[in-house]
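S.K.: Here you go, model34.cif (mmCIF, C-alpha atoms (C1' of nucleotides)):
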```
data_my_file
#
loop_
_atom_site.label_atom_id
_atom_site.label_comp_id
_atom_site.auth_asym_id
_atom_site.auth_seq_id
_atom_site.Cartn_x
_atom_site.Cartn_y
_atom_site.Cartn_z
CA MET Q 1 -23.03 -38.51 25.27
CA LYS Q 2 -19.97 -40.64 24.73
CA LEU Q 3 -18.75 -38.18 22.10
CA LEU Q 4 -19.00 -35.26 24.51
CA LEU Q 5 -17.13 -37.06 27.27
CA GLU Q 6 -14.39 -38.02 24.85
CA ASN Q 7 -14.19 -34.42 23.71
CA ILE Q 8 -13.75 -33.27 27.30
CA ALA Q 9 -11.32 -36.06 28.15
CA LYS Q 10 -8.95 -34.75 25.51
CA HIS Q 11 -8.15 -31.81 27.78
CA ILE Q 12 -9.10 -32.65 31.39
CA SER Q 13 -9.92 -35.86 33.25
CA LEU Q 14 -13.16 -36.13 35.17
CA THR Q 15 -14.00 -38.67 37.87
CA PRO Q 16 -17.05 -40.88 37.24
CA GLU Q 17 -18.97 -38.79 39.80
CA GLU Q 18 -18.07 -35.59 38.00
CA GLU Q 19 -19.14 -37.13 34.72
CA GLN Q 20 -22.48 -38.03 36.27
CA LEU Q 21 -22.95 -34.53 37.61
CA LEU Q 22 -22.13 -33.11 34.21
CA ILE Q 23 -24.56 -35.43 32.48
CA SER Q 24 -27.31 -34.48 34.92
CA LYS Q 25 -26.94 -30.85 33.86
CA ILE Q 26 -27.15 -31.23 30.12
CA GLU Q 27 -29.92 -32.17 27.75
CA ILE Q 28 -30.01 -33.99 24.47
CA HIS Q 29 -32.34 -32.82 21.73
CA SER Q 30 -33.04 -33.85 18.18
CA TYR Q 31 -33.86 -31.24 15.58
CA LYS Q 32 -34.96 -31.49 12.00
CA ALA Q 33 -33.22 -29.70 9.16
CA LYS Q 34 -34.15 -26.02 8.84
CA THR Q 35 -34.95 -25.61 12.53
CA LEU Q 36 -33.68 -22.32 13.96
CA LEU Q 37 -32.09 -22.74 17.39
CA GLN Q 38 -31.26 -19.07 17.71
CA GLN Q 39 -32.38 -15.81 16.14
CA PRO Q 40 -30.99 -12.27 16.22
CA ASN Q 41 -32.25 -9.81 18.81
CA THR Q 42 -32.82 -12.56 21.33
CA ILE Q 43 -30.54 -13.49 24.20
CA SER Q 44 -28.86 -16.82 23.71
CA ASN Q 45 -28.86 -18.95 26.81
CA GLN Q 46 -27.46 -22.11 25.28
CA LEU Q 47 -24.33 -23.70 23.98
CA TYR Q 48 -24.59 -26.63 21.56
CA PHE Q 49 -22.43 -29.68 21.04
CA VAL Q 50 -23.23 -31.69 17.93
CA ASN Q 51 -23.55 -35.47 18.23
CA THR Q 52 -24.85 -36.03 14.71
CA GLY Q 53 -25.89 -33.78 11.85
CA ILE Q 54 -24.75 -30.31 10.89
CA LEU Q 55 -25.57 -26.82 12.18
CA ARG Q 56 -24.43 -23.41 11.03
CA SER Q 57 -24.36 -19.95 12.54
CA PHE Q 58 -24.79 -16.92 10.30
CA SER Q 59 -25.81 -13.29 10.23
CA ILE Q 60 -27.78 -11.34 7.68
CA SER Q 61 -26.71 -7.94 6.36
CA ASP Q 62 -28.94 -5.48 4.51
CA ASN Q 63 -31.83 -7.86 5.28
CA ILE Q 64 -30.78 -10.03 2.37
CA ILE Q 65 -27.29 -11.40 2.38
CA GLU Q 66 -26.32 -14.27 4.64
CA HIS Q 67 -22.82 -14.62 6.05
CA VAL Q 68 -21.85 -17.97 7.50
CA LEU Q 69 -19.72 -17.63 10.61
CA HIS Q 70 -19.37 -21.27 11.47
CA PHE Q 71 -20.34 -24.82 10.60
CA ALA Q 72 -20.54 -27.52 13.24
CA CYS Q 73 -20.80 -31.24 12.59
CA GLU Q 74 -20.11 -34.28 14.80
CA GLY Q 75 -17.92 -33.37 17.76
CA TRP Q 76 -18.03 -29.60 17.32
CA TRP Q 77 -19.39 -26.86 19.56
CA ILE Q 78 -21.50 -24.01 18.29
CA GLY Q 79 -23.32 -21.05 19.80
CA ASP Q 80 -23.90 -17.33 19.60
CA MET Q 81 -20.90 -16.59 21.78
CA TYR Q 82 -21.42 -12.85 21.85
CA SER Q 83 -24.94 -13.10 23.17
CA TYR Q 84 -24.25 -16.10 25.39
CA LEU Q 85 -21.29 -14.49 27.11
CA SER Q 86 -22.56 -10.94 27.34
CA ARG Q 87 -26.20 -11.86 28.02
CA LYS Q 88 -27.18 -9.24 25.48
CA PRO Q 89 -29.35 -9.74 22.36
CA GLY Q 90 -27.28 -11.33 19.65
CA PHE Q 91 -26.86 -10.93 15.91
CA LEU Q 92 -26.70 -14.53 14.78
CA PHE Q 93 -28.99 -17.21 13.52
CA ILE Q 94 -28.20 -20.82 14.34
CA GLU Q 95 -29.82 -23.24 11.94
CA VAL Q 96 -29.91 -26.99 11.50
CA ILE Q 97 -28.59 -27.89 8.05
CA GLU Q 98 -28.85 -31.67 8.41
CA ASN Q 99 -31.14 -33.44 10.93
CA ALA Q 100 -29.17 -33.28 14.14
CA GLU Q 101 -28.81 -34.66 17.63
CA VAL Q 102 -27.40 -31.99 19.87
CA VAL Q 103 -26.19 -31.72 23.45
CA VAL Q 104 -27.55 -28.53 24.97
CA ILE Q 105 -26.03 -26.79 27.97
CA SER Q 106 -27.61 -23.72 29.49
CA LYS Q 107 -25.75 -20.74 30.90
CA GLU Q 108 -27.11 -21.41 34.40
CA ASN Q 109 -26.04 -25.03 34.34
CA GLN Q 110 -22.65 -24.09 32.99
CA GLU Q 111 -22.16 -21.66 35.88
CA PHE Q 112 -23.29 -24.35 38.29
CA LEU Q 113 -20.79 -26.78 36.80
CA TYR Q 114 -17.97 -24.20 36.96
CA HIS Q 115 -18.59 -23.99 40.70
CA ASN Q 116 -18.83 -27.71 41.30
CA ILE Q 117 -16.21 -28.92 38.83
CA PRO Q 118 -13.65 -26.10 38.65
CA LYS Q 119 -11.64 -28.16 36.17
CA LEU Q 120 -14.29 -27.25 33.63
CA GLU Q 121 -13.00 -23.67 33.71
CA ARG Q 122 -9.84 -25.09 32.25
CA PHE Q 123 -11.72 -27.09 29.63
CA PHE Q 124 -13.71 -24.14 28.40
CA ARG Q 125 -10.64 -21.95 28.53
CA ILE Q 126 -8.87 -24.32 26.19
CA LEU Q 127 -11.95 -24.52 24.00
CA ALA Q 128 -12.12 -20.73 23.74
CA GLU Q 129 -8.39 -20.48 23.09
CA ASN Q 130 -8.52 -23.00 20.26
CA SER Q 131 -11.52 -21.32 18.76
CA LEU Q 132 -9.75 -17.97 19.04
CA VAL Q 133 -6.72 -19.29 17.18
CA SER Q 134 -8.79 -20.71 14.35
CA HIS Q 135 -10.72 -17.47 14.00
CA GLN Q 136 -7.45 -15.56 13.84
CA GLU Q 137 -6.24 -17.86 11.12
CA ARG Q 138 -9.44 -17.45 9.16
CA LEU Q 139 -9.26 -13.68 9.52
CA MET Q 140 -5.72 -13.62 8.17
CA ASP Q 141 -6.72 -15.96 5.34
CA ASN Q 142 -9.53 -13.63 4.38
CA MET Q 143 -7.06 -10.77 4.15
CA SER Q 144 -4.18 -12.49 2.43
CA LEU Q 145 -5.67 -15.20 0.23
CA SER Q 146 -7.68 -15.00 -2.98
CA ALA Q 147 -11.15 -16.53 -3.11
CA GLU Q 148 -9.68 -19.50 -4.96
CA GLU Q 149 -7.06 -20.10 -2.29
CA ARG Q 150 -9.65 -19.82 0.47
CA PHE Q 151 -11.78 -22.35 -1.37
CA GLU Q 152 -8.93 -24.83 -1.66
CA LYS Q 153 -8.04 -24.38 1.98
CA MET Q 154 -11.61 -25.02 3.06
CA CYS Q 155 -11.71 -28.19 0.94
CA ARG Q 156 -8.54 -29.42 2.61
CA LYS Q 157 -9.65 -28.54 6.13
CA TYR Q 158 -13.26 -29.69 5.99
CA PRO Q 159 -13.49 -32.32 3.23
CA ASN Q 160 -16.60 -33.92 4.72
CA LEU Q 161 -18.48 -30.64 4.97
CA ILE Q 162 -18.01 -29.96 1.27
CA LEU Q 163 -20.07 -33.00 0.39
CA ARG Q 164 -22.85 -32.39 2.91
CA VAL Q 165 -23.44 -28.66 2.85
CA PRO Q 166 -25.31 -26.75 0.11
CA GLN Q 167 -22.90 -24.90 -2.10
CA LYS Q 168 -24.37 -21.49 -1.38
CA HIS Q 169 -23.43 -21.90 2.29
CA LEU Q 170 -19.88 -22.84 1.35
CA ALA Q 171 -19.73 -19.75 -0.85
CA SER Q 172 -20.91 -17.63 2.05
CA TYR Q 173 -18.36 -19.21 4.39
CA ILE Q 174 -15.42 -18.20 2.23
CA GLY Q 175 -17.02 -14.84 1.54
CA VAL Q 176 -18.08 -14.88 -2.12
CA THR Q 177 -21.40 -14.90 -3.96
CA PRO Q 178 -22.97 -18.23 -4.99
CA GLU Q 179 -22.57 -17.20 -8.64
CA PHE Q 180 -18.88 -16.53 -8.29
CA PHE Q 181 -18.40 -19.71 -6.31
CA SER Q 182 -19.94 -21.72 -9.12
CA LYS Q 183 -17.70 -20.12 -11.74
CA MET Q 184 -14.64 -20.62 -9.59
CA LYS Q 185 -15.48 -24.30 -9.06
CA SER Q 186 -15.89 -25.07 -12.74
CA ARG Q 187 -12.70 -23.15 -13.49
CA LEU Q 188 -10.80 -25.35 -11.01
CA LEU Q 189 -12.39 -28.56 -12.26
CA ARG Q 190 -11.36 -27.80 -15.81
CA LYS Q 191 -7.72 -28.12 -14.70
CA MET J 1 1.75 -3.20 37.50
CA LYS J 2 -1.27 -1.38 38.83
CA LEU J 3 -2.86 -1.48 35.38
CA LEU J 4 -2.47 -5.26 35.15
CA LEU J 5 -3.97 -5.85 38.58
CA GLU J 6 -6.92 -3.62 37.72
CA ASN J 7 -7.37 -5.53 34.49
CA ILE J 8 -7.49 -8.80 36.39
CA ALA J 9 -9.72 -7.40 39.13
CA LYS J 10 -12.38 -6.69 36.55
CA HIS J 11 -13.05 -10.42 36.33
CA ILE J 12 -11.71 -12.17 39.44
CA SER J 13 -10.58 -11.02 42.88
CA LEU J 14 -7.16 -11.97 44.15
CA THR J 15 -5.95 -11.88 47.76
CA PRO J 16 -2.91 -9.71 48.47
CA GLU J 17 -0.81 -12.91 48.75
CA GLU J 18 -2.01 -14.09 45.38
CA GLU J 19 -1.21 -10.73 43.88
CA GLN J 20 2.30 -10.96 45.29
CA LEU J 21 2.76 -14.44 43.87
CA LEU J 22 1.54 -13.25 40.51
CA ILE J 23 3.88 -10.27 40.54
CA SER J 24 6.82 -12.50 41.43
CA LYS J 25 6.19 -14.50 38.26
CA ILE J 26 6.03 -11.68 35.74
CA GLU J 27 8.59 -9.30 34.34
CA ILE J 28 8.41 -5.74 33.15
CA HIS J 29 10.41 -4.69 30.13
CA SER J 30 10.78 -1.52 28.14
CA TYR J 31 11.24 -1.70 24.40
CA LYS J 32 11.98 0.93 21.83
CA ALA J 33 9.90 1.43 18.72
CA LYS J 34 10.62 -1.06 15.93
CA THR J 35 11.80 -3.78 18.30
CA LEU J 36 10.55 -7.22 17.27
CA LEU J 37 9.33 -9.27 20.22
CA GLN J 38 8.39 -12.23 18.08
CA GLN J 39 9.23 -13.54 14.64
CA PRO J 40 7.72 -16.29 12.46
CA ASN J 41 9.14 -19.80 12.58
CA THR J 42 10.06 -19.43 16.22
CA ILE J 43 8.12 -20.73 19.18
CA SER J 44 6.54 -18.00 21.22
CA ASN J 45 6.92 -18.50 24.91
CA GLN J 46 5.50 -15.18 26.05
CA LEU J 47 2.32 -13.25 26.47
CA TYR J 48 2.46 -9.46 26.63
CA PHE J 49 0.36 -6.94 28.51
CA VAL J 50 0.92 -3.32 27.49
CA ASN J 51 1.43 -0.71 30.21
CA THR J 52 2.38 2.12 27.87
CA GLY J 53 3.04 2.42 24.16
CA ILE J 54 1.68 0.41 21.24
CA LEU J 55 2.48 -2.99 19.77
CA ARG J 56 1.13 -4.79 16.74
CA SER J 57 1.05 -8.38 15.54
CA PHE J 58 1.16 -9.10 11.83
CA SER J 59 2.01 -11.72 9.26
CA ILE J 60 3.65 -11.37 5.86
CA SER J 61 2.35 -13.05 2.73
CA ASP J 62 4.28 -13.57 -0.49
CA ASN J 63 7.31 -12.21 1.39
CA ILE J 64 6.06 -8.70 0.79
CA ILE J 65 2.63 -7.80 2.05
CA GLU J 66 2.01 -7.22 5.74
CA HIS J 67 -1.33 -8.03 7.35
CA VAL J 68 -2.02 -6.56 10.77
CA LEU J 69 -3.85 -8.96 13.03
CA HIS J 70 -3.96 -6.87 16.15
CA PHE J 71 -2.93 -3.62 17.78
CA ALA J 72 -2.38 -3.38 21.52
CA CYS J 73 -2.05 -0.19 23.51
CA GLU J 74 -2.39 0.58 27.23
CA GLY J 75 -4.31 -2.16 29.03
CA TRP J 76 -4.37 -4.65 26.16
CA TRP J 77 -2.91 -8.13 25.84
CA ILE J 78 -1.07 -9.32 22.78
CA GLY J 79 0.79 -12.44 21.71
CA ASP J 80 1.20 -15.05 19.04
CA MET J 81 -1.59 -17.18 20.44
CA TYR J 82 -1.21 -19.98 17.93
CA SER J 83 2.43 -20.55 18.72
CA TYR J 84 2.08 -19.84 22.42
CA LEU J 85 -0.75 -22.30 22.91
CA SER J 86 0.41 -25.04 20.57
CA ARG J 87 4.13 -24.67 21.32
CA LYS J 88 4.76 -24.88 17.60
CA PRO J 89 6.61 -22.34 15.42
CA GLY J 90 4.34 -19.41 14.70
CA PHE J 91 3.54 -17.22 11.72
CA LEU J 92 3.40 -13.80 13.33
CA PHE J 93 5.67 -10.89 13.97
CA ILE J 94 5.09 -8.79 17.08
CA GLU J 95 6.56 -5.33 16.77
CA VAL J 96 6.73 -2.26 18.95
CA ILE J 97 5.12 0.68 17.14
CA GLU J 98 5.56 3.24 19.91
CA ASN J 99 8.14 2.94 22.73
CA ALA J 100 6.50 0.61 25.18
CA GLU J 101 6.55 -0.70 28.71
CA VAL J 102 5.28 -4.24 28.71
CA VAL J 103 4.43 -6.89 31.29
CA VAL J 104 5.81 -10.21 30.12
CA ILE J 105 4.53 -13.56 31.30
CA SER J 106 6.13 -16.80 30.20
CA LYS J 107 4.32 -20.02 29.42
CA GLU J 108 6.04 -21.82 32.30
CA ASN J 109 5.11 -19.15 34.79
CA GLN J 110 1.57 -19.07 33.52
CA GLU J 111 1.28 -22.84 34.06
CA PHE J 112 2.76 -22.40 37.52
CA LEU J 113 0.21 -19.72 38.30
CA TYR J 114 -2.67 -21.84 36.98
CA HIS J 115 -1.68 -24.48 39.53
CA ASN J 116 -1.24 -22.11 42.44
CA ILE J 117 -4.05 -19.67 41.70
CA PRO J 118 -6.73 -21.72 39.93
CA LYS J 119 -8.90 -18.62 39.70
CA LEU J 120 -6.55 -17.49 36.95
CA GLU J 121 -7.95 -20.24 34.75
CA ARG J 122 -11.19 -18.33 34.95
CA PHE J 123 -9.51 -15.02 34.17
CA PHE J 124 -7.77 -16.30 31.09
CA ARG J 125 -10.90 -18.14 30.03
CA ILE J 126 -12.80 -14.87 30.06
CA LEU J 127 -9.95 -13.14 28.27
CA ALA J 128 -9.95 -15.77 25.53
CA GLU J 129 -13.75 -15.65 25.26
CA ASN J 130 -13.79 -11.88 24.86
CA SER J 131 -11.04 -12.01 22.33
CA LEU J 132 -12.90 -14.75 20.46
CA VAL J 133 -16.04 -12.64 20.28
CA SER J 134 -14.21 -9.61 18.95
CA HIS J 135 -12.45 -11.70 16.32
CA GLN J 136 -15.79 -13.13 15.26
CA GLU J 137 -17.18 -9.65 14.91
CA ARG J 138 -14.21 -8.52 12.86
CA LEU J 139 -14.49 -11.56 10.62
CA MET J 140 -18.15 -10.83 9.95
CA ASP J 141 -17.35 -7.18 9.32
CA ASN J 142 -14.74 -8.15 6.78
CA MET J 143 -17.32 -10.21 4.95
CA SER J 144 -20.29 -7.87 5.11
CA LEU J 145 -18.93 -4.33 5.16
CA SER J 146 -17.25 -2.25 2.46
CA ALA J 147 -13.76 -0.90 3.03
CA GLU J 148 -15.29 2.48 3.80
CA GLU J 149 -17.59 1.04 6.45
CA ARG J 150 -14.76 -0.93 8.04
CA PHE J 151 -12.72 2.27 8.16
CA GLU J 152 -15.48 4.20 9.88
CA LYS J 153 -16.04 1.40 12.36
CA MET J 154 -12.34 1.26 13.22
CA CYS J 155 -12.34 5.04 13.78
CA ARG J 156 -15.26 4.73 16.16
CA LYS J 157 -13.85 1.75 18.05
CA TYR J 158 -10.23 2.82 18.36
CA PRO J 159 -10.18 6.64 18.06
CA ASN J 160 -6.88 6.94 19.90
CA LEU J 161 -5.11 4.40 17.71
CA ILE J 162 -5.97 6.36 14.57
CA LEU J 163 -3.87 9.26 15.75
CA ARG J 164 -0.91 7.25 16.94
CA VAL J 165 -0.47 4.53 14.34
CA PRO J 166 1.07 5.03 10.86
CA GLN J 167 -1.62 5.04 8.23
CA LYS J 168 -0.22 2.07 6.34
CA HIS J 169 -0.79 -0.10 9.40
CA LEU J 170 -4.38 1.09 9.68
CA ALA J 171 -4.86 0.26 6.01
CA SER J 172 -3.48 -3.20 6.61
CA TYR J 173 -5.74 -3.69 9.64
CA ILE J 174 -8.92 -3.09 7.66
CA GLY J 175 -7.52 -5.05 4.75
CA VAL J 176 -6.83 -2.54 1.97
CA THR J 177 -3.70 -1.19 0.29
CA PRO J 178 -2.11 2.02 1.61
CA GLU J 179 -2.89 3.70 -1.73
CA PHE J 180 -6.56 2.86 -1.56
CA PHE J 181 -6.71 3.87 2.08
CA SER J 182 -5.35 7.28 1.20
CA LYS J 183 -7.90 7.80 -1.57
CA MET J 184 -10.73 6.63 0.65
CA LYS J 185 -9.67 9.00 3.43
CA SER J 186 -9.56 12.06 1.20
CA ARG J 187 -12.91 11.04 -0.31
CA LEU J 188 -14.45 10.94 3.17
CA LEU J 189 -12.85 14.21 4.22
CA ARG J 190 -14.26 16.00 1.21
CA LYS J 191 -17.75 15.41 2.62
"C1'" DC H 1 20.00 19.77 5.32
"C1'" DG H 2 19.72 15.25 3.04
"C1'" DT H 3 18.07 10.72 2.96
"C1'" DC H 4 14.68 7.43 3.70
"C1'" DT H 5 10.11 6.22 4.37
"C1'" DA H 6 5.19 7.38 4.26
"C1'" DT H 7 1.52 9.41 1.83
"C1'" DT H 8 -0.82 11.21 -2.14
"C1'" DT H 9 -2.37 11.16 -6.86
"C1'" DG H 10 -3.35 9.19 -11.44
"C1'" DA H 11 -4.03 5.70 -15.08
"C1'" DA H 12 -4.69 1.06 -16.31
"C1'" DT H 13 -6.12 -3.47 -14.70
"C1'" DG H 14 -8.40 -7.32 -12.41
"C1'" DT H 15 -11.10 -9.80 -9.23
"C1'" DA H 16 -15.31 -10.44 -7.71
"C1'" DC H 17 -20.17 -8.56 -7.93
"C1'" DT H 18 -24.90 -7.59 -9.90
"C1'" DC H 19 -28.53 -8.68 -12.70
"C1'" DA H 20 -30.86 -11.74 -15.72
"C1'" DA H 21 -32.02 -16.02 -17.58
"C1'" DA H 22 -31.57 -20.94 -18.22
"C1'" DA H 23 -30.73 -25.46 -16.53
"C1'" DG H 24 -30.61 -28.85 -12.87
"C1'" DC H 25 -32.31 -31.08 -8.79
"C1'" DG H 26 -35.22 -32.58 -4.95
"C1'" DG H 27 -39.21 -33.08 -2.59
"C1'" DT H 28 -44.29 -33.46 -2.64
"C1'" DG H 29 -48.75 -34.60 -4.09
"C1'" DG H 30 -51.69 -36.46 -7.42
"C1'" DC O 1 -44.21 -43.37 -10.27
"C1'" DC O 2 -44.34 -39.41 -12.59
"C1'" DA O 3 -45.15 -34.41 -12.95
"C1'" DC O 4 -44.75 -30.19 -11.11
"C1'" DC O 5 -43.02 -26.56 -8.20
"C1'" DG O 6 -39.58 -24.16 -5.80
"C1'" DC O 7 -35.00 -23.68 -4.79
"C1'" DT O 8 -30.09 -24.24 -6.10
"C1'" DT O 9 -26.65 -24.02 -9.42
"C1'" DT O 10 -24.83 -22.59 -13.77
"C1'" DT O 11 -23.74 -19.34 -17.40
"C1'" DG O 12 -23.14 -14.79 -19.57
"C1'" DA O 13 -22.78 -9.77 -20.03
"C1'" DG O 14 -21.90 -5.56 -17.96
"C1'" DT O 15 -20.11 -3.16 -13.79
"C1'" DA O 16 -17.73 -1.63 -9.56
"C1'" DC O 17 -14.63 -1.65 -6.00
"C1'" DA O 18 -10.17 -2.16 -4.95
"C1'" DT O 19 -5.48 -3.29 -6.78
"C1'" DT O 20 -1.06 -2.58 -9.23
"C1'" DC O 21 2.34 0.23 -10.99
"C1'" DA O 22 4.46 4.60 -11.46
"C1'" DA O 23 5.66 9.06 -10.11
"C1'" DA O 24 5.31 13.16 -7.30
"C1'" DT O 25 5.00 15.18 -2.72
"C1'" DA O 26 5.31 15.38 2.11
"C1'" DG O 27 7.25 14.16 6.62
"C1'" DA O 28 10.45 12.20 9.96
"C1'" DC O 29 14.84 11.50 11.75
"C1'" DG O 30 19.70 11.50 12.07
#
```
Transcribe the structure of this file into structure tokens.
M.R.:
Amino acid sequence: MKLLLENIAKHISLTPEEEQLLISKIEIHSYKAKTLLQQPNTISNQLYFVNTGILRSFSISDNIIEHVLHFACEGWWIGDMYSYLSRKPGFLFIEVIENAEVVVISKENQEFLYHNIPKLERFFRILAENSLVSHQERLMDNMSLSAEERFEKMCRKYPNLILRVPQKHLASYIGVTPEFFSKMKSRLLRK
Amino acid sequence: MKLLLENIAKHISLTPEEEQLLISKIEIHSYKAKTLLQQPNTISNQLYFVNTGILRSFSISDNIIEHVLHFACEGWWIGDMYSYLSRKPGFLFIEVIENAEVVVISKENQEFLYHNIPKLERFFRILAENSLVSHQERLMDNMSLSAEERFEKMCRKYPNLILRVPQKHLASYIGVTPEFFSKMKSRLLRK
DNA sequence: CGTCTATTTGAATGTACTCAAAAGCGGTGG
DNA sequence: CCACCGCTTTTGAGTACATTCAAATAGACG
């Protein structure tokens, strides 16, 4: 709870009453590794904020190949934004990678909070803007960098994830096969 | 001007006074093709809304290769969001592809408007959210689809752009070389 | 027209993939 | 506590999609 309030306080300041109202409209859940919080073809009604543990969102193409869109560990938000925002069936899975404690906010409660604490519009605007910028950067990286460069950049940006996430998910995040990822890694270590 | 107000009215409703205030804080400019509205290593202070014509944002890697991030034609927003939001020097060019009439809003005026028309926080939140979702989709497409599939998807999504934008920019948008794009096109036409 | 840029075409190359098999590792139950 | 099973990672050989480089052709604009 503390982590969430700190996260919000970085961008807007809430009164103690507003904080209480916010807290009354969210839930905290614990999930074990491998739990699926969201599946494709269902409408996502929740946004998640990670207190502890790690989650990932991913899609599956050709019924076989997974593509990691996003990892979220302590202090990060995650959700199926397409489904959540459009209220249409989504395309993503959201899975717990490492036993996690998660703050859950529902669409209805978020709308309620927007009405009662308009400042939150600003907070989520900033959140969306920052997320947009980092997706733009990742998109450009995917177009302009080699797999090796994307790997190095990921290591620099998310050093803690590298140690906690199975390698095949890291491979999927930078957009290569697990086999190629392994070869690339040993090639880099040899230097 | 009408186009911008319609665009806004899709998500929030403004009073006539609010519309007037908004209009007093924006500018309309016309630019000829090839004009650069933004260059890397400068701080972007403007957001653009296209009335007529086409713009594109792109970066350059290795001082040679262009990578198109975004096209914007009638009714679309464009900007160097990273620089605009962070107030740091950016990495993008923004160039006019087709003579354009553009609504320009400055960072200062946007902040002013946020204070005086808080509803605009909501509007730009929704704008950022939608943009986020479409970037996520494009990112996943880049990872899971072949060049040919990305090409077909772009044709379906932006049929009017295909006819108006030089082919090399389309190639860059889907992330292939102009040469490969040309071969792919003729391969598809032969069917 | 003539020049400059965009597009097409072809040959050689490379990066990353597929398929297959072996080795490593982690959790579970006996 | 060890042994086994399933999943992850590694390694290798062959392949494919897309790139690079080069040259020819087509198109746009002054």
S.K.: Calculate how many Å separate atom CA of Lys25 of chain Q from atom CA of Ile105 of chain Q, rounding to one decimal.
M.R.: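 These two atoms are separated by 7.2 Å.
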S.K.: Using all atoms listed in the file and a distance of at most 10 Å, pull out the residues of chain Q that contact chain J, as JSON, numbers by chain.
M.R.: {"Q": [58, 59, 60, 61, 62, 65, 66, 67, 68, 69, 70, 80, 81, 82, 83, 85, 86, 91, 114, 118, 119, 120, 121, 122, 123, 124, 125, 126, 127, 128, 129, 130, 131, 132, 133, 134, 135, 136, 137, 138, 139, 140, 141, 142, 143, 144, 145, 172, 173, 174, 175, 176]}
S.K.: Within 12 Å of DT25 of chain O, counting only C-alpha atoms (C1' of nucleotides), which residues show up once you throw out same-chain ones fewer than 4 positions away? Write them as a PyMOL selection string, please.
M.R.: chain H and resi 6-9
S.K.: Using Å and a single decimal, report how far atom CA of Lys107 of chain Q sits from atom CA of Ile78 of chain Q.
M.R.: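 Going from atom CA of Ile78 of chain Q over to atom CA of Lys107 of chain Q covers 13.7 Å.
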S.K.: State, in Å with one decimal place, the distance from atom C1' of DC5 of chain O to atom CA of Ile97 of chain Q.
M.R.: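 Computing it gives 21.8 Å between the two atoms.
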S.K.: Between H:DA22, H:DG29, H:DG10, H:DA16, which has the minimum distance to DA24 of chain O (counting all atoms listed in the file)?
M.R.: H:DG10
S.K.: Using all atoms listed in the file and a distance of at most 12 Å, pull out the residues of chain Q that contact chain H, as a list in words.
M.R.: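 Result, ordered by chain then number: Ser146, Ala147, Glu148, Gly175, Val176, Thr177, Pro178, Glu179, Phe180, Phe181, Lys183 and Met184 of chain Q.
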S.K.: Could the residues of chain O within 9 Å of chain Q, counting only C-alpha atoms (C1' of nucleotides), be given as a PDB file with C-alpha atoms (C1' of nucleotides), in the coordinates of the input, please?
M.R.:
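Output saved as selection17.pdb:
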```
ATOM      1  C1'  DT O   8     -30.090 -24.240  -6.100  1.00  0.00           C
ATOM      2  C1'  DT O   9     -26.650 -24.020  -9.420  1.00  0.00           C
ATOM      3  C1'  DT O  10     -24.830 -22.590 -13.770  1.00  0.00           C
ATOM      4  C1'  DT O  11     -23.740 -19.340 -17.400  1.00  0.00           C
TER       5       DT O  11
END
```
S.K.: Residues at most 9 Å from Leu3 of chain J, counting only C-alpha atoms (C1' of nucleotides), excluding those fewer than 2 positions away in the same chain, as a count of residues only?
M.R.: 9
S.K.: Around segment 1-19 of chain O, with edges along x, y and z and 8 Å added on all six sides, what centre and edge lengths do you get, in Å to one decimal, as lines of an AutoDock Vina configuration file?
M.R.:
```
center_x = -25.3
center_y = -22.5
center_z = -12.4
size_x = 55.7
size_y = 57.7
size_z = 31.2
```
S.K.: As a check of understanding, name the residues that the PyMOL selection byres ((chain J and resi 157-161) around 12) selects in the supplied structure, as a PyMOL selection string.
M.R.: chain J and resi 53-56+70-74+97-98+134+138+150-156+162-167+169-170+173
S.K.: Would you mind exporting the chosen residues as an mmCIF file, keeping the file's coordinate frame, restricted to C-alpha atoms?
M.R.:
```
data_model
loop_
_atom_site.group_PDB
_atom_site.id
_atom_site.type_symbol
_atom_site.label_atom_id
_atom_site.label_comp_id
_atom_site.auth_asym_id
_atom_site.auth_seq_id
_atom_site.Cartn_x
_atom_site.Cartn_y
_atom_site.Cartn_z
ATOM 1 C CA GLY J 53 3.040 2.420 24.160
ATOM 2 C CA ILE J 54 1.680 0.410 21.240
ATOM 3 C CA LEU J 55 2.480 -2.990 19.770
ATOM 4 C CA ARG J 56 1.130 -4.790 16.740
ATOM 5 C CA HIS J 70 -3.960 -6.870 16.150
ATOM 6 C CA PHE J 71 -2.930 -3.620 17.780
ATOM 7 C CA ALA J 72 -2.380 -3.380 21.520
ATOM 8 C CA CYS J 73 -2.050 -0.190 23.510
ATOM 9 C CA GLU J 74 -2.390 0.580 27.230
ATOM 10 C CA ILE J 97 5.120 0.680 17.140
ATOM 11 C CA GLU J 98 5.560 3.240 19.910
ATOM 12 C CA SER J 134 -14.210 -9.610 18.950
ATOM 13 C CA ARG J 138 -14.210 -8.520 12.860
ATOM 14 C CA ARG J 150 -14.760 -0.930 8.040
ATOM 15 C CA PHE J 151 -12.720 2.270 8.160
ATOM 16 C CA GLU J 152 -15.480 4.200 9.880
ATOM 17 C CA LYS J 153 -16.040 1.400 12.360
ATOM 18 C CA MET J 154 -12.340 1.260 13.220
ATOM 19 C CA CYS J 155 -12.340 5.040 13.780
ATOM 20 C CA ARG J 156 -15.260 4.730 16.160
ATOM 21 C CA ILE J 162 -5.970 6.360 14.570
ATOM 22 C CA LEU J 163 -3.870 9.260 15.750
ATOM 23 C CA ARG J 164 -0.910 7.250 16.940
ATOM 24 C CA VAL J 165 -0.470 4.530 14.340
ATOM 25 C CA PRO J 166 1.070 5.030 10.860
ATOM 26 C CA GLN J 167 -1.620 5.040 8.230
ATOM 27 C CA HIS J 169 -0.790 -0.100 9.400
ATOM 28 C CA LEU J 170 -4.380 1.090 9.680
ATOM 29 C CA TYR J 173 -5.740 -3.690 9.640
#
```
